[in-house]
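Reviewing the structure listed below.
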Amino acid sequence: MSVQERKQRERAERERLIVATARELAEQQGWDAVTTRRLAERIEYSQPVLYSHFRGKREIIGAVALQGATELAVAVRAATAAADRPRARVTALARAYLDFAARNPAVYDAIFQLDGGLAYAQEDTPEPLKDAFAALMETLGEVAGNGIDPGLFTEVFWAALHGLATLTRAGRLLPEDAEPRVELLVDRLAMI
């Protein structure tokens, strides 16, 4: 292995460590606790080393968001692959999405709530974000209905899921009604 290859590998490992540490800290204490000073202390590198990888917290949030989007796409695809009918796939998608949001609140916030400097719904949207949307549309597109744009239907269904995830986490919805909400969403919005 050449010196340059070794340096590139070490740089990539440091970057992964920064992102993993930021994510862990955010999940434990919230995004306000994630500062370059605290990250530098936790990973035992200087702040200039962090700045050589990321210009600041915004870019770190963006990196966590891209990682989370990839994980969300994997979770949705795994859940829907196990279902054999359209209704079962849509129900599995909804449950997987809401479960991901509940299990990973800081990551979910990085993807959908915080400014990570990422472009959404544009030509230059990063591939992991496009793929997460594609994972939703693979299932939802098949139930959109005649004459309804699959992308538009996916956006509306996703918006409903996002609302449920956000309101549930904020304690605005009764937890015991989580499953009836999913059933209602599938029955009335997807109409299957």
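Ordering of the structure tokens sets the chain letters (A, B, ...); residue numbers start at 1 within each chain; ligands are numbered from 1 in the order shown.
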
Within 12 Å of region 168-179 of chain A: each region 11-127 of chain A residue with its shortest pair, only C-alpha atoms, as JSON lines:
{"residue": "A:Thr91", "atom": "CA", "partner": "A:Glu179", "partner_atom": "CA", "distance": 9.8}
{"residue": "A:Ala92", "atom": "CA", "partner": "A:Glu179", "partner_atom": "CA", "distance": 11.5}
{"residue": "A:Ala94", "atom": "CA", "partner": "A:Glu179", "partner_atom": "CA", "distance": 10.0}
{"residue": "A:Arg95", "atom": "CA", "partner": "A:Glu179", "partner_atom": "CA", "distance": 8.5}
{"residue": "A:Leu98", "atom": "CA", "partner": "A:Thr168", "partner_atom": "CA", "distance": 9.3}
{"residue": "A:Asp99", "atom": "CA", "partner": "A:Ala178", "partner_atom": "CA", "distance": 10.7}
{"residue": "A:Phe100", "atom": "CA", "partner": "A:Arg169", "partner_atom": "CA", "distance": 11.9}
{"residue": "A:Ala101", "atom": "CA", "partner": "A:Arg169", "partner_atom": "CA", "distance": 8.6}
{"residue": "A:Ala102", "atom": "CA", "partner": "A:Arg169", "partner_atom": "CA", "distance": 7.1}
{"residue": "A:Arg103", "atom": "CA", "partner": "A:Arg169", "partner_atom": "CA", "distance": 10.4}
{"residue": "A:Asn104", "atom": "CA", "partner": "A:Arg169", "partner_atom": "CA", "distance": 10.9}
{"residue": "A:Pro105", "atom": "CA", "partner": "A:Arg169", "partner_atom": "CA", "distance": 8.3}
{"residue": "A:Ala106", "atom": "CA", "partner": "A:Arg169", "partner_atom": "CA", "distance": 11.3}
{"residue": "A:Tyr108", "atom": "CA", "partner": "A:Arg169", "partner_atom": "CA", "distance": 11.0}
{"residue": "A:Asp109", "atom": "CA", "partner": "A:Arg169", "partner_atom": "CA", "distance": 11.1}

Dump all heavy atoms for the selected residues as a short mmCIF file (atom, residue, chain, number, x, y, z; two decimals), in the first residue's frame?
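Here's the written file again24.cif:
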data_model
loop_
_atom_site.label_atom_id
_atom_site.label_comp_id
_atom_site.auth_asym_id
_atom_site.auth_seq_id
_atom_site.Cartn_x
_atom_site.Cartn_y
_atom_site.Cartn_z
N THR A 91 -48.37 -1.20 4.16
CA THR A 91 -48.41 -1.24 5.63
C THR A 91 -47.01 -1.45 6.19
O THR A 91 -46.61 -0.78 7.15
CB THR A 91 -49.36 -2.35 6.11
OG1 THR A 91 -50.68 -2.09 5.58
CG2 THR A 91 -49.43 -2.41 7.62
N ALA A 92 -46.25 -2.35 5.60
CA ALA A 92 -44.87 -2.61 6.05
C ALA A 92 -44.00 -1.37 5.86
O ALA A 92 -43.18 -1.04 6.72
CB ALA A 92 -44.29 -3.80 5.30
N ALA A 94 -45.02 1.79 5.88
CA ALA A 94 -45.41 2.78 6.89
C ALA A 94 -44.83 2.42 8.25
O ALA A 94 -44.27 3.29 8.95
CB ALA A 94 -46.94 2.88 6.98
N ARG A 95 -44.93 1.17 8.63
CA ARG A 95 -44.38 0.74 9.93
C ARG A 95 -42.87 0.90 9.97
O ARG A 95 -42.31 1.35 10.97
CB ARG A 95 -44.77 -0.70 10.21
CG ARG A 95 -46.22 -0.89 10.54
CD ARG A 95 -46.54 -2.34 10.79
NE ARG A 95 -47.94 -2.53 11.06
CZ ARG A 95 -48.64 -3.58 10.66
NH1 ARG A 95 -48.06 -4.55 9.96
NH2 ARG A 95 -49.93 -3.68 10.94
N LEU A 98 -41.98 4.70 10.26
CA LEU A 98 -42.27 5.23 11.59
C LEU A 98 -41.35 4.62 12.64
O LEU A 98 -40.92 5.31 13.58
CB LEU A 98 -43.74 5.00 11.95
CG LEU A 98 -44.74 5.77 11.07
CD1 LEU A 98 -46.17 5.30 11.35
CD2 LEU A 98 -44.60 7.26 11.26
N ASP A 99 -41.02 3.36 12.49
CA ASP A 99 -40.10 2.71 13.41
C ASP A 99 -38.70 3.33 13.29
O ASP A 99 -38.04 3.59 14.29
CB ASP A 99 -40.04 1.21 13.13
CG ASP A 99 -39.20 0.46 14.14
OD1 ASP A 99 -39.44 0.64 15.36
OD2 ASP A 99 -38.30 -0.30 13.72
N PHE A 100 -38.25 3.59 12.07
CA PHE A 100 -36.95 4.23 11.86
C PHE A 100 -36.92 5.60 12.54
O PHE A 100 -35.96 5.93 13.23
CB PHE A 100 -36.65 4.37 10.37
CG PHE A 100 -35.33 5.05 10.10
CD1 PHE A 100 -34.16 4.30 10.02
CD2 PHE A 100 -35.25 6.42 9.94
CE1 PHE A 100 -32.94 4.91 9.78
CE2 PHE A 100 -34.04 7.05 9.71
CZ PHE A 100 -32.88 6.29 9.63
N ALA A 101 -37.96 6.37 12.35
CA ALA A 101 -38.03 7.70 12.95
C ALA A 101 -38.00 7.64 14.47
O ALA A 101 -37.33 8.44 15.12
CB ALA A 101 -39.29 8.43 12.48
N ALA A 102 -38.69 6.66 15.04
CA ALA A 102 -38.74 6.52 16.50
C ALA A 102 -37.42 6.03 17.08
O ALA A 102 -37.00 6.47 18.14
CB ALA A 102 -39.88 5.57 16.90
N ARG A 103 -36.77 5.10 16.38
CA ARG A 103 -35.51 4.53 16.88
C ARG A 103 -34.31 5.45 16.69
O ARG A 103 -33.31 5.32 17.39
CB ARG A 103 -35.22 3.20 16.18
CG ARG A 103 -35.98 2.02 16.71
CD ARG A 103 -35.45 0.68 16.18
NE ARG A 103 -34.63 0.77 14.97
CZ ARG A 103 -35.08 0.67 13.71
NH1 ARG A 103 -36.34 0.46 13.48
NH2 ARG A 103 -34.27 0.76 12.69
N ASN A 104 -34.39 6.36 15.72
CA ASN A 104 -33.26 7.22 15.36
C ASN A 104 -33.67 8.69 15.30
O ASN A 104 -33.57 9.32 14.26
CB ASN A 104 -32.71 6.80 13.98
CG ASN A 104 -32.37 5.34 13.90
OD1 ASN A 104 -31.36 4.91 14.42
ND2 ASN A 104 -33.23 4.57 13.25
N PRO A 105 -34.14 9.25 16.40
CA PRO A 105 -34.68 10.62 16.33
C PRO A 105 -33.67 11.68 15.87
O PRO A 105 -34.04 12.56 15.10
CB PRO A 105 -35.17 10.89 17.75
CG PRO A 105 -34.49 9.88 18.61
CD PRO A 105 -34.22 8.69 17.76
N ALA A 106 -32.44 11.59 16.30
CA ALA A 106 -31.46 12.60 15.89
C ALA A 106 -31.10 12.45 14.41
O ALA A 106 -30.94 13.44 13.70
CB ALA A 106 -30.20 12.51 16.75
N TYR A 108 -33.13 11.14 12.17
CA TYR A 108 -34.34 11.57 11.47
C TYR A 108 -34.36 13.10 11.37
O TYR A 108 -34.67 13.66 10.31
CB TYR A 108 -35.58 11.05 12.19
CG TYR A 108 -36.85 11.27 11.42
CD1 TYR A 108 -37.24 10.39 10.42
CD2 TYR A 108 -37.67 12.37 11.67
CE1 TYR A 108 -38.40 10.59 9.69
CE2 TYR A 108 -38.82 12.58 10.95
CZ TYR A 108 -39.19 11.69 9.95
OH TYR A 108 -40.33 11.90 9.22
N ASP A 109 -34.01 13.77 12.46
CA ASP A 109 -33.95 15.23 12.43
C ASP A 109 -32.90 15.72 11.44
O ASP A 109 -33.12 16.70 10.73
CB ASP A 109 -33.64 15.80 13.82
CG ASP A 109 -34.83 15.75 14.75
OD1 ASP A 109 -35.96 15.47 14.29
OD2 ASP A 109 -34.63 16.00 15.96
#

Backbone-only DSSP, alpha helix (DSSP H) members of chain A, as a ChimeraX atom specification
/A:3-29,36-43,47-53,57-81,86-103,105-112,127-140,150-169,178-184

From the list A:Ala119, A:Gly147, A:Thr35, A:Tyr97, which residue is nearest Leu161 (chain A) when using only C-alpha atoms?
A:Tyr97

Would you pick out the contacts of Val74 (chain A) at 9 Å or less, using only C-alpha atoms, so that residues sharing its chain but fewer than 5 positions from it are not included, and give the list as a PDB file with C-alpha atoms, in the first residue's frame?
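Final output, saved to part-v2.pdb:
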ATOM      1  CA  ALA A  69     -31.121   8.253   4.292  1.00  0.00           C
ATOM      2  CA  ALA A  79     -39.716  -4.431   5.190  1.00  0.00           C
ATOM      3  CA  ALA A 132     -34.603   6.997   0.053  1.00  0.00           C
ATOM      4  CA  ALA A 135     -37.455   3.243  -1.883  1.00  0.00           C
TER       5      ALA A 135
END

Shell around Leu152 (chain A) at 12 Å using only C-alpha atoms, local window under 4 positions removed, as a VMD selection string
chain A and resid 121 133 136 to 137 140 to 141 144 to 145 147 to 148 156 to 159

Pick out the residues sitting within 12 Å of Arg37 (chain A), and hand them over as a PyMOL selection string; count only C-alpha atoms, and ignore anything fewer than 3 positions along from it in its own chain.
chain A and resi 18+22+33-34+40-51+56-57

Applying 7 Å and only C-alpha atoms, which residues near Gly117 (chain A) remain after dropping the ones on its own chain fewer than 4 positions away? List them as a list of chain:residue names.
A:Arg58, A:Glu59, A:Gly62

Emit the selected residues as a compact mmCIF listing (two decimals), in the first residue's frame, including all heavy atoms.
# COMPACT_ATOMS: atom_id res chain seq x y z
N ARG A 58 -22.85 22.14 10.33
CA ARG A 58 -23.82 21.96 9.25
C ARG A 58 -23.42 20.82 8.33
O ARG A 58 -24.25 19.99 7.95
CB ARG A 58 -23.93 23.28 8.48
CG ARG A 58 -24.93 23.24 7.36
CD ARG A 58 -24.97 24.60 6.68
NE ARG A 58 -26.02 24.66 5.70
CZ ARG A 58 -25.91 25.30 4.53
NH1 ARG A 58 -24.81 25.95 4.24
NH2 ARG A 58 -26.91 25.31 3.70
N GLU A 59 -22.16 20.76 7.96
CA GLU A 59 -21.70 19.68 7.08
C GLU A 59 -21.72 18.33 7.79
O GLU A 59 -21.94 17.30 7.17
CB GLU A 59 -20.31 19.97 6.53
CG GLU A 59 -20.32 21.00 5.43
CD GLU A 59 -18.98 21.14 4.73
OE1 GLU A 59 -18.03 20.38 5.04
OE2 GLU A 59 -18.88 22.02 3.87
N GLY A 62 -25.18 17.18 7.61
CA GLY A 62 -25.41 16.68 6.26
C GLY A 62 -24.88 15.27 6.06
O GLY A 62 -25.53 14.43 5.44

How many Å separate CA of Val186 (chain A) from CA of Arg87 (chain A)?
7.4 Å
